[in-house]
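Text of the file model_10.cif, holding mmCIF, C-alpha atoms:
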data_model
#
loop_
_atom_site.label_atom_id
_atom_site.label_comp_id
_atom_site.auth_asym_id
_atom_site.auth_seq_id
_atom_site.Cartn_x
_atom_site.Cartn_y
_atom_site.Cartn_z
CA MET G 21 -20.51 20.13 -14.77
CA GLU G 22 -22.75 17.67 -13.00
CA LEU G 23 -21.86 14.06 -12.43
CA SER G 24 -23.24 11.58 -14.92
CA ILE G 25 -25.59 9.39 -12.87
CA PRO G 26 -27.25 6.31 -14.37
CA SER G 27 -30.96 5.62 -14.05
CA PHE G 28 -30.68 2.97 -11.31
CA PRO G 29 -31.07 4.07 -7.67
CA ALA G 30 -28.53 6.51 -6.23
CA ALA G 31 -27.32 4.16 -3.49
CA ARG G 32 -26.60 1.45 -6.03
CA ALA G 33 -24.94 3.97 -8.35
CA ARG G 34 -22.57 5.00 -5.56
CA ARG G 35 -21.61 1.39 -4.90
CA VAL G 36 -21.02 0.70 -8.60
CA TYR G 37 -18.85 3.78 -9.03
CA ARG G 38 -16.97 3.10 -5.82
CA ALA G 39 -16.21 -0.49 -6.84
CA ALA G 40 -15.04 0.62 -10.29
CA VAL G 41 -12.75 3.34 -8.96
CA ALA G 42 -11.38 0.95 -6.31
CA THR G 43 -10.54 -1.45 -9.14
CA TRP G 44 -8.63 1.29 -10.93
CA PHE G 45 -6.65 2.04 -7.79
CA PHE G 46 -5.72 -1.64 -7.61
CA LEU G 47 -4.49 -1.87 -11.21
CA PRO G 48 -1.68 0.73 -11.08
CA GLY G 49 -0.62 -0.60 -7.68
CA LEU G 50 -0.29 -4.03 -9.26
CA VAL G 51 1.77 -2.65 -12.15
CA PHE G 52 4.16 -0.75 -9.90
CA ALA G 53 4.70 -3.66 -7.53
CA SER G 54 5.25 -6.03 -10.44
CA TRP G 55 8.10 -3.86 -11.70
CA ALA G 56 9.56 -3.32 -8.23
CA SER G 57 9.60 -7.05 -7.54
CA ARG G 58 11.82 -7.68 -10.60
CA ILE G 59 14.34 -4.86 -10.15
CA PRO G 60 16.96 -7.28 -8.74
CA PHE G 61 16.63 -9.45 -11.86
CA VAL G 62 17.02 -6.44 -14.15
CA GLN G 63 20.01 -5.23 -12.15
CA GLN G 64 21.70 -8.61 -12.53
CA ARG G 65 20.85 -8.90 -16.22
CA MET G 66 22.21 -5.43 -16.98
CA GLY G 67 25.23 -5.82 -14.70
CA PHE G 68 24.43 -2.60 -12.80
CA SER G 69 26.24 -1.68 -9.61
CA GLU G 70 24.12 -0.17 -6.83
CA THR G 71 25.26 3.30 -7.88
CA ALA G 72 24.48 2.68 -11.54
CA LEU G 73 21.06 1.25 -10.68
CA GLY G 74 20.25 4.30 -8.58
CA LEU G 75 21.16 6.62 -11.44
CA VAL G 76 19.11 4.61 -13.96
CA LEU G 77 16.08 4.60 -11.66
CA LEU G 78 16.16 8.40 -11.63
CA ALA G 79 14.53 8.11 -15.06
CA ILE G 80 11.21 7.37 -13.31
CA PRO G 81 10.93 10.72 -11.49
CA LEU G 82 12.24 12.44 -14.61
CA GLY G 83 9.15 11.11 -16.36
CA GLN G 84 6.86 11.86 -13.44
CA LEU G 85 7.61 15.56 -13.03
CA PRO G 86 6.42 16.81 -16.46
CA SER G 87 3.35 14.57 -16.29
CA LEU G 88 1.97 16.38 -13.20
CA PRO G 89 0.95 19.67 -14.89
CA PHE G 90 0.14 17.85 -18.13
CA SER G 91 -2.22 15.49 -16.29
CA GLY G 92 -4.21 18.36 -14.78
CA TRP G 93 -4.51 20.07 -18.16
CA LEU G 94 -5.54 16.87 -19.95
CA ILE G 95 -8.15 16.02 -17.33
CA ALA G 96 -9.59 19.53 -17.60
CA LYS G 97 -9.79 19.12 -21.39
CA GLN G 98 -10.74 15.46 -21.83
CA GLY G 99 -11.97 14.29 -18.43
CA SER G 100 -10.44 11.91 -15.93
CA ARG G 101 -11.93 8.77 -17.48
CA ARG G 102 -10.27 9.26 -20.87
CA THR G 103 -7.04 10.31 -19.19
CA LEU G 104 -7.11 7.21 -17.01
CA LEU G 105 -7.60 4.95 -20.01
CA LEU G 106 -4.73 6.67 -21.85
CA GLY G 107 -2.57 6.32 -18.75
CA VAL G 108 -3.16 2.60 -18.34
CA VAL G 109 -2.22 1.95 -21.97
CA GLY G 110 1.04 3.84 -21.51
CA TYR G 111 1.71 2.17 -18.15
CA CYS G 112 1.23 -1.32 -19.56
CA LEU G 113 3.34 -0.63 -22.64
CA ALA G 114 6.09 0.74 -20.42
CA LEU G 115 5.91 -2.32 -18.17
CA LEU G 116 6.29 -4.64 -21.14
CA GLY G 117 9.19 -2.53 -22.36
CA LEU G 118 10.90 -2.84 -18.98
CA GLY G 119 10.59 -6.60 -19.14
CA TRP G 120 11.91 -6.77 -22.69
CA ALA G 121 14.61 -4.05 -22.79
CA PRO G 122 17.94 -5.79 -23.48
CA THR G 123 20.19 -2.75 -22.97
CA PRO G 124 20.33 0.32 -20.69
CA ALA G 125 19.79 2.55 -23.73
CA LEU G 126 16.36 0.96 -24.21
CA LEU G 127 15.60 0.53 -20.51
CA VAL G 128 15.88 4.23 -19.65
CA PRO G 129 13.21 5.49 -22.14
CA CYS G 130 10.86 2.80 -20.84
CA LEU G 131 11.46 4.02 -17.29
CA VAL G 132 10.70 7.60 -18.35
CA LEU G 133 7.42 6.46 -19.95
CA PHE G 134 6.71 4.34 -16.86
CA GLY G 135 7.05 7.41 -14.64
CA PHE G 136 5.01 9.63 -16.95
CA ALA G 137 2.14 7.15 -17.27
CA SER G 138 2.11 6.37 -13.54
CA ASN G 139 1.35 9.98 -12.63
CA LEU G 140 -1.14 10.28 -15.47
CA MET G 141 -3.06 7.41 -13.86
CA ASN G 142 -2.49 8.73 -10.35
CA ILE G 143 -4.01 12.17 -10.95
CA ALA G 144 -6.84 10.78 -13.09
CA VAL G 145 -7.90 8.05 -10.66
CA ASN G 146 -7.76 10.45 -7.72
CA THR G 147 -9.97 12.84 -9.68
CA GLN G 148 -12.42 9.98 -10.14
CA ALA G 149 -12.22 9.28 -6.40
CA VAL G 150 -13.02 12.92 -5.59
CA GLY G 151 -16.12 12.63 -7.78
CA VAL G 152 -17.26 9.42 -6.14
CA GLU G 153 -16.65 10.84 -2.66
CA SER G 154 -18.89 13.79 -3.53
CA LEU G 155 -21.74 11.33 -4.08
CA TYR G 156 -21.45 10.23 -0.45
CA GLU G 157 -22.46 13.73 0.78
CA GLY G 158 -19.78 14.48 3.35
CA GLN G 159 -18.68 10.92 4.10
CA HIS G 160 -14.92 10.32 3.82
CA ILE G 161 -13.93 7.40 1.56
CA MET G 162 -10.69 8.60 -0.07
CA ALA G 163 -8.29 6.79 2.28
CA SER G 164 -9.88 3.42 1.55
CA PHE G 165 -9.07 3.87 -2.15
CA HIS G 166 -5.43 4.43 -1.26
CA GLY G 167 -5.62 1.35 0.94
CA ILE G 168 -6.59 -0.62 -2.16
CA TRP G 169 -3.45 0.66 -3.89
CA SER G 170 -1.33 -0.48 -0.95
CA THR G 171 -3.03 -3.89 -0.98
CA ALA G 172 -2.23 -4.23 -4.67
CA GLY G 173 1.40 -3.65 -3.76
CA PHE G 174 1.38 -6.73 -1.52
CA VAL G 175 -0.38 -8.81 -4.19
CA GLY G 176 2.03 -7.67 -6.91
CA ALA G 177 5.03 -8.39 -4.70
CA ALA G 178 3.70 -11.88 -3.92
CA ILE G 179 3.15 -12.63 -7.62
CA GLY G 180 6.62 -11.33 -8.41
CA THR G 181 8.17 -13.52 -5.71
CA PHE G 182 6.37 -16.56 -7.12
CA MET G 183 7.42 -15.76 -10.70
CA SER G 184 11.02 -15.26 -9.64
CA GLY G 185 10.98 -18.53 -7.73
CA GLN G 186 9.70 -20.34 -10.79
CA GLY G 187 12.39 -18.83 -13.00
CA VAL G 188 9.91 -16.87 -15.14
CA VAL G 189 11.67 -14.02 -16.92
CA PRO G 190 10.17 -10.53 -16.44
CA VAL G 191 8.76 -10.14 -19.94
CA TRP G 192 6.50 -13.21 -19.53
CA HIS G 193 5.64 -12.23 -15.98
CA PHE G 194 4.64 -8.76 -17.16
CA LEU G 195 2.64 -10.17 -20.07
CA VAL G 196 0.51 -12.06 -17.54
CA ILE G 197 -0.01 -8.87 -15.52
CA VAL G 198 -0.91 -6.82 -18.60
CA GLY G 199 -3.34 -9.51 -19.75
CA LEU G 200 -5.03 -9.46 -16.36
CA ILE G 201 -5.26 -5.68 -16.43
CA ALA G 202 -6.72 -5.72 -19.96
CA ILE G 203 -9.48 -8.11 -18.88
CA VAL G 204 -10.34 -6.36 -15.63
CA GLY G 205 -9.98 -2.89 -17.14
CA ALA G 206 -12.23 -3.70 -20.09
CA PHE G 207 -14.94 -4.92 -17.73
CA SER G 208 -14.76 -2.01 -15.26
CA GLN G 209 -13.96 1.05 -17.42
CA GLY G 210 -17.59 1.48 -18.45
CA LYS G 211 -18.55 1.95 -14.80
CA LEU G 212 -16.24 4.90 -14.19
CA LEU G 213 -17.65 8.44 -13.87
CA LEU G 214 -18.16 9.91 -17.32
CA ARG G 215 -17.79 13.51 -16.17
CA ASP G 216 -15.86 15.21 -13.40
CA THR G 217 -17.12 17.71 -10.85
CA HIS G 218 -16.55 21.44 -11.41
CA THR G 219 -14.46 20.94 -14.54
CA ALA G 220 -13.49 23.98 -16.57
CA THR G 221 -12.33 23.35 -20.13
CA ASP G 222 -10.28 26.55 -20.43
CA GLN G 223 -7.65 25.75 -17.81
CA PRO G 224 -4.06 26.63 -18.81
CA ILE G 225 -1.37 23.97 -18.45
CA PHE G 226 0.42 25.81 -15.64
CA VAL G 227 -1.72 27.22 -12.84
CA ARG G 228 -0.31 28.79 -9.70
CA PRO G 229 -2.17 27.30 -6.73
CA ASP G 230 -3.91 29.76 -4.40
CA GLY G 231 -3.17 30.09 -0.68
CA PRO G 232 -5.37 27.21 0.53
CA LEU G 233 -3.93 24.83 -2.07
CA LEU G 234 -0.39 25.91 -1.17
CA GLY G 235 -1.21 25.03 2.42
CA LEU G 236 -2.36 21.58 1.35
CA GLY G 237 0.75 21.23 -0.79
CA LEU G 238 2.92 22.02 2.22
CA ILE G 239 1.24 19.26 4.21
CA ALA G 240 1.79 16.83 1.34
CA PHE G 241 5.41 17.99 1.00
CA CYS G 242 6.25 17.27 4.64
CA ALA G 243 4.34 13.98 4.70
CA MET G 244 5.99 12.72 1.52
CA ILE G 245 9.45 13.54 2.84
CA CYS G 246 8.61 11.10 5.64
CA GLU G 247 7.25 8.51 3.19
CA GLY G 248 10.26 8.79 0.90
CA ALA G 249 12.61 8.32 3.83
CA MET G 250 10.79 5.18 4.94
CA PHE G 251 10.62 3.71 1.44
CA ASP G 252 14.30 4.18 0.62
CA TRP G 253 16.12 4.03 3.96
CA SER G 254 14.22 1.58 6.17
CA GLY G 255 16.41 -1.37 5.24
CA VAL G 256 19.62 0.62 5.68
CA TYR G 257 18.46 1.89 9.08
CA PHE G 258 17.69 -1.61 10.29
CA LYS G 259 20.98 -2.92 9.00
CA LYS G 260 23.33 -0.20 10.24
CA VAL G 261 21.60 1.35 13.25
CA VAL G 262 19.34 -1.38 14.61
CA GLN G 263 21.91 -3.99 13.51
CA ALA G 264 19.13 -6.46 12.84
CA PRO G 265 19.99 -10.05 11.86
CA GLY G 266 20.12 -10.60 8.11
CA ALA G 267 16.66 -12.13 7.90
CA TRP G 268 15.18 -9.12 9.74
CA VAL G 269 16.76 -6.29 7.75
CA GLY G 270 13.59 -5.86 5.68
CA ALA G 271 11.27 -6.14 8.67
CA GLY G 272 11.14 -2.40 9.26
CA TYR G 273 9.94 -1.72 5.72
CA THR G 274 7.38 -4.52 5.97
CA ALA G 275 6.11 -3.18 9.31
CA PHE G 276 5.78 0.32 7.89
CA MET G 277 3.99 -0.80 4.72
CA SER G 278 1.62 -3.11 6.63
CA THR G 279 0.41 -0.45 9.04
CA MET G 280 0.20 2.17 6.29
CA ALA G 281 -2.14 -0.10 4.32
CA LEU G 282 -4.14 -1.08 7.41
CA GLY G 283 -4.37 2.53 8.57
CA ARG G 284 -5.86 3.62 5.27
CA PHE G 285 -8.78 1.26 5.64
CA GLY G 286 -9.60 2.65 9.08
CA ALA G 287 -8.79 6.30 8.37
CA ASP G 288 -12.11 7.16 6.73
CA TRP G 289 -14.08 5.97 9.76
CA LEU G 290 -11.83 7.85 12.15
CA THR G 291 -11.85 11.00 10.01
CA GLY G 292 -15.64 10.99 10.10
CA ARG G 293 -15.46 11.25 13.88
CA LEU G 294 -12.48 13.57 14.31
CA GLY G 295 -12.63 15.69 11.16
CA ALA G 296 -9.92 16.00 8.53
CA ARG G 297 -7.94 18.73 10.30
CA ARG G 298 -7.65 16.92 13.62
CA MET G 299 -6.96 13.63 11.86
CA ILE G 300 -3.98 15.13 10.02
CA GLN G 301 -2.75 16.83 13.18
CA LEU G 302 -2.77 13.52 15.05
CA SER G 303 -1.17 11.78 12.06
CA GLY G 304 1.77 14.19 12.13
CA LEU G 305 2.26 13.70 15.86
CA LEU G 306 2.12 9.91 15.49
CA THR G 307 4.67 10.03 12.64
CA ALA G 308 7.06 12.13 14.71
CA ALA G 309 6.58 9.95 17.80
CA GLY G 310 7.25 6.75 15.83
CA LEU G 311 10.45 8.10 14.34
CA LEU G 312 11.67 9.32 17.73
CA VAL G 313 10.98 5.89 19.25
CA ALA G 314 13.07 4.28 16.49
CA VAL G 315 15.84 6.85 16.98
CA GLY G 316 15.85 6.87 20.77
CA PHE G 317 15.58 3.11 21.25
CA PRO G 318 17.22 1.44 18.21
CA THR G 319 16.59 -2.17 19.18
CA LEU G 320 14.76 -4.64 16.95
CA VAL G 321 11.48 -4.64 18.89
CA THR G 322 11.28 -0.92 19.63
CA ALA G 323 12.34 0.07 16.12
CA LEU G 324 9.63 -2.18 14.68
CA VAL G 325 7.07 -0.55 16.96
CA GLY G 326 8.31 2.88 15.90
CA PHE G 327 8.12 2.05 12.20
CA MET G 328 4.60 0.69 12.66
CA MET G 329 3.62 3.98 14.30
CA VAL G 330 5.04 5.88 11.33
CA GLY G 331 3.03 3.70 8.95
CA PHE G 332 -0.19 4.51 10.80
CA GLY G 333 0.85 8.17 10.97
CA VAL G 334 1.42 8.75 7.25
CA SER G 335 -1.43 6.52 6.07
CA ALA G 336 -4.20 9.12 6.04
CA VAL G 337 -2.36 12.36 5.27
CA VAL G 338 -2.04 12.26 1.47
CA PRO G 339 -5.56 10.83 0.87
CA LEU G 340 -7.10 13.56 3.04
CA VAL G 341 -5.03 16.25 1.33
CA TYR G 342 -6.11 14.99 -2.09
CA SER G 343 -9.73 14.90 -0.96
CA ALA G 344 -9.55 18.51 0.23
CA ALA G 345 -7.72 19.65 -2.92
CA GLY G 346 -10.38 18.09 -5.12
CA LYS G 347 -12.95 20.39 -3.52
CA SER G 348 -11.10 23.56 -4.58
CA LYS G 349 -13.37 26.45 -5.54
CA VAL G 350 -10.89 28.05 -7.94
CA MET G 351 -9.56 25.07 -9.93
CA SER G 352 -10.94 21.93 -11.49
CA PRO G 353 -10.25 18.78 -9.43
CA GLY G 354 -7.61 17.55 -11.89
CA MET G 355 -5.69 20.85 -11.88
CA ALA G 356 -5.95 21.18 -8.09
CA LEU G 357 -4.73 17.64 -7.56
CA ALA G 358 -1.89 18.14 -10.01
CA SER G 359 -0.80 21.34 -8.23
CA VAL G 360 -0.81 19.77 -4.77
CA SER G 361 0.79 16.57 -6.07
CA THR G 362 3.63 18.54 -7.68
CA ILE G 363 4.49 20.19 -4.37
CA GLY G 364 4.18 16.91 -2.47
CA PHE G 365 6.22 15.04 -5.04
CA LEU G 366 9.11 17.42 -4.52
CA GLY G 367 9.19 16.25 -0.92
CA PHE G 368 9.28 12.64 -2.07
CA LEU G 369 12.31 13.47 -4.23
CA ILE G 370 14.10 15.61 -1.66
CA GLY G 371 13.64 13.34 1.36
CA PRO G 372 15.85 10.34 0.49
CA PRO G 373 18.91 12.28 -0.73
CA MET G 374 18.56 14.69 2.20
CA ILE G 375 18.82 11.74 4.58
CA GLY G 376 21.92 10.54 2.78
CA LEU G 377 23.61 13.94 2.96
CA VAL G 378 22.82 14.48 6.63
CA ALA G 379 23.79 10.90 7.49
CA GLY G 380 27.11 11.37 5.71
CA ALA G 381 27.85 14.47 7.76
CA THR G 382 26.48 13.12 11.05
CA SER G 383 24.60 9.81 11.36
CA LEU G 384 21.44 8.03 10.27
CA ARG G 385 19.93 8.60 13.72
CA VAL G 386 20.34 12.35 13.29
CA SER G 387 18.78 12.09 9.81
CA TYR G 388 15.75 10.27 11.16
CA SER G 389 15.44 12.84 13.94
CA LEU G 390 15.16 15.55 11.27
CA ILE G 391 12.48 13.52 9.50
CA ALA G 392 10.58 13.44 12.80
CA VAL G 393 10.55 17.25 12.62
CA MET G 394 8.76 16.90 9.27
CA GLY G 395 6.04 14.97 11.08
CA LEU G 396 5.62 17.89 13.47
CA CYS G 397 5.50 20.22 10.46
CA VAL G 398 2.54 18.21 9.13
CA THR G 399 0.69 18.94 12.38
CA TRP G 400 1.63 22.63 12.26
CA ALA G 401 0.63 23.02 8.61
CA ALA G 402 -2.70 21.26 9.21
CA THR G 403 -3.44 23.70 12.03
CA ARG G 404 -2.97 26.63 9.67
CA ALA G 405 -4.52 25.11 6.52
CA LYS G 406 -7.64 26.98 5.35
CA GLN G 407 -9.19 24.28 3.16
CA LEU G 408 -9.46 21.46 5.72
#
Take the structure in the file and write it out as structure tokens.
Amino acid sequence: MELSIPSFPAARARRVYRAAVATWFFLPGLVFASWASRIPFVQQRMGFSETALGLVLLAIPLGQLPSLPFSGWLIAKQGSRRTLLLGVVGYCLALLGLGWAPTPALLVPCLVLFGFASNLMNIAVNTQAVGVESLYEGQHIMASFHGIWSTAGFVGAAIGTFMSGQGVVPVWHFLVIVGLIAIVGAFSQGKLLLRDTHTATDQPIFVRPDGPLLGLGLIAFCAMICEGAMFDWSGVYFKKVVQAPGAWVGAGYTAFMSTMALGRFGADWLTGRLGARRMIQLSGLLTAAGLLVAVGFPTLVTALVGFMMVGFGVSAVVPLVYSAAGKSKVMSPGMALASVSTIGFLGFLIGPPMIGLVAGATSLRVSYSLIAVMGLCVTWAATRAKQL
């Protein structure tokens, strides 16, 4: 199918679509960060231990996994715009449920819905982004969209910190967020792409990715192992290995997130000069180098520098992989993105527990050294990938 282009000039149409899709990257980032900022409150209210909280939070990936193939099928049938609108309704309802749920028995189903709707939005909005990028005739813009998502994370965390400081309970906090999303979403949804590129309506729910897509999935898998490790273990690494002062325990995570967001806004420009393959190759090397700096020199300053390098390293990989997957010649963008995302998501799930198991048998420094190998695997897989 062709893209639905309005009658106003093409350059203006591109800007309108790009702004609308950027807005819809911001909204789910705001929802996720709003929930994450209130997890300590929910833990205290429910009386969860750290172990119990970890088990309860597994409900999110349990909801995410089945939504990956379903999202691709639904986008192929109904289009990414309708899927995105359905996803945001589910995401907002789940967020309100998380703020209201008075018992674990009610909290867990809300977490499952939260995970399901988050991936529904993720695949749909990335499909929209692939369509908008195609309007720019070879120019790379995907990473900047992901930078918007990261920026929303900072905004959502700041709002959550303010609400917590003011003693606002999560349900009222989340009502404010949902109200904001309803207003912004209602204004911007009409400016989304009405049709997706190369969409086939007869796609089955489960599609085995071809060789090029498997190669992209492998890159995503290795990169998301690195991301998962940084998300879940940065604070522990700084506390136990770096032995940072109490106020600096979270500095490693902040450094990583800051450079990941910043790197995404510069990645499109750099990719235009280096090409996607070389950009991913360099990203993998930078990720590995940053982790090895943090492992080899575990002092506060050097570990911060290393974590910042990792943030820059991982920033462009997933956006570039999604961009390449969306150009698949054998699948619709939604199905291709869902296939690659499923493989990558497995890395996100495997990475954190793998670090824990290896650290239990050896040490956290050994675990992070193995994660550095995953960075080198990103470079190797990008060298062999056929669709970059």
Convert the output of the PyMOL selection byres ((chain G and resi 238) around 8) on the shown file into explicit residues, formatted as a PyMOL selection string.
chain G and resi 234-237+239-242+363-364+398+401
Can you tell me, as a list in words, what residues are no more than 9 Å from Val51 in chain G when counting all atoms listed in the file, ignoring any on the same chain fewer than 3 positions away?
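Here the qualifying residues turn out to be Phe46, Leu47, Pro48, Ser54, Trp55, Ala56, Tyr111, Cys112, Leu115, Ala172, Gly173, Gly176, Phe194, Ile197, Val198 and Ile201 of chain G.
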Could you pull the residues within 10 Å of range 311-314 of chain G, counting all atoms listed in the file, minus those fewer than 5 positions along the same chain, as a PyMOL selection string?
chain G and resi 246+250+257-258+261-262+306+319-330+385+388-393+395
G:Ser383, G:Ser69, G:Ser100, G:Ser164 ranked by distance to Val315 in chain G, top pick (using only C-alpha atoms)
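Among the listed residues, the smallest separation from Val315 in chain G belongs to G:Ser383.
Nearest to Ala267 in chain G of all the residues G:Ile370, G:Ser91, G:Val386, G:Gly255 is G:Gly255, based on only C-alpha atoms.
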Just so the selection is clear, what residues does the PyMOL selection byres ((chain G and resi 57) around 10) cover here, as JSON, numbers by chain?
{"G": [52, 53, 54, 55, 56, 58, 59, 60, 61, 62, 173, 176, 177, 178, 179, 180, 181, 183, 184, 190]}
Here's the selection I'm unsure about, the PyMOL selection byres ((chain G and resi 335) around 9); applied to the file above, which residues does it give, as a compact mmCIF listing (two decimals) with C-alpha atoms, keeping the file's coordinate frame?
# COMPACT_ATOMS: atom_id res chain seq x y z
CA ALA G 163 -8.29 6.79 2.28
CA HIS G 166 -5.43 4.43 -1.26
CA GLY G 167 -5.62 1.35 0.94
CA THR G 279 0.41 -0.45 9.04
CA MET G 280 0.20 2.17 6.29
CA ALA G 281 -2.14 -0.10 4.32
CA LEU G 282 -4.14 -1.08 7.41
CA GLY G 283 -4.37 2.53 8.57
CA ARG G 284 -5.86 3.62 5.27
CA ALA G 287 -8.79 6.30 8.37
CA SER G 303 -1.17 11.78 12.06
CA VAL G 330 5.04 5.88 11.33
CA GLY G 331 3.03 3.70 8.95
CA PHE G 332 -0.19 4.51 10.80
CA GLY G 333 0.85 8.17 10.97
CA VAL G 334 1.42 8.75 7.25
CA ALA G 336 -4.20 9.12 6.04
CA VAL G 337 -2.36 12.36 5.27
CA VAL G 338 -2.04 12.26 1.47
CA PRO G 339 -5.56 10.83 0.87
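Proximity to Leu140 in chain G was assessed for G:Gly74, G:Pro86, G:Gly185, G:Gly158 counting only C-alpha atoms; the smallest distance is recorded for G:Pro86.
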Long-range neighbours of Val204 in chain G as a ChimeraX atom specification, 10 Å cut-off, only C-alpha atoms, 3 positions minimum in chain
/G:40,43-44,47,198-201,207-209
Export of prior selection with C-alpha atoms as a PDB file, keeping the file's coordinate frame:
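Okay, part00.pdb is ready:
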ATOM      1  CA  ALA G  40     -15.040   0.620 -10.290  1.00  0.00           C
ATOM      2  CA  THR G  43     -10.540  -1.450  -9.140  1.00  0.00           C
ATOM      3  CA  TRP G  44      -8.630   1.290 -10.930  1.00  0.00           C
ATOM      4  CA  LEU G  47      -4.490  -1.870 -11.210  1.00  0.00           C
ATOM      5  CA  VAL G 198      -0.910  -6.820 -18.600  1.00  0.00           C
ATOM      6  CA  GLY G 199      -3.340  -9.510 -19.750  1.00  0.00           C
ATOM      7  CA  LEU G 200      -5.030  -9.460 -16.360  1.00  0.00           C
ATOM      8  CA  ILE G 201      -5.260  -5.680 -16.430  1.00  0.00           C
ATOM      9  CA  PHE G 207     -14.940  -4.920 -17.730  1.00  0.00           C
ATOM     10  CA  SER G 208     -14.760  -2.010 -15.260  1.00  0.00           C
ATOM     11  CA  GLN G 209     -13.960   1.050 -17.420  1.00  0.00           C
TER      12      GLN G 209
END
Considering all atoms listed in the file, state which residue in the set G:Met394, G:Pro129, G:Gly205, G:Gln159 is at the smallest distance from Leu106 in chain G.
G:Gly205
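Straight-line separation from CA of Met244 in chain G to CA of Gly371 in chain G: 7.7 Å.
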Could you tell me how far CA of Leu50 in chain G sits from CA of Val188 in chain G, in Å to one decimal place?
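Computing the Euclidean distance for CA of Val188 in chain G and CA of Leu50 in chain G yields 17.4 Å.
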Option closest in space to Asp216 in chain G, from G:Thr291, G:Asn146, G:Gln64, G:Gln407 [counting only C-alpha atoms]:
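Smallest separation from Asp216 in chain G among the options: G:Asn146.
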Nearest to Gly92 in chain G by atom-to-atom distance, counting all atoms listed in the file, from G:Thr399, G:Ser359, G:Ser138, G:Ser254
G:Ser359
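The gap separating CA of Pro353 in chain G from CA of Met162 in chain G is 13.8 Å, in Å to one decimal.
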So that I can see what lies close to Met374 in chain G, please list as a VMD selection string the residues with an atom at most 9 Å from it, counting all atoms listed in the file and leaving out residues fewer than 5 positions away in the same chain.
chain G and resid 249 379 387
7 Å contact set for Gly346 in chain G, all atoms listed in the file, chain neighbours under 2 positions out, as an MDAnalysis selection string:
chainID G and resid 147 150 342:344 348 353 356:357
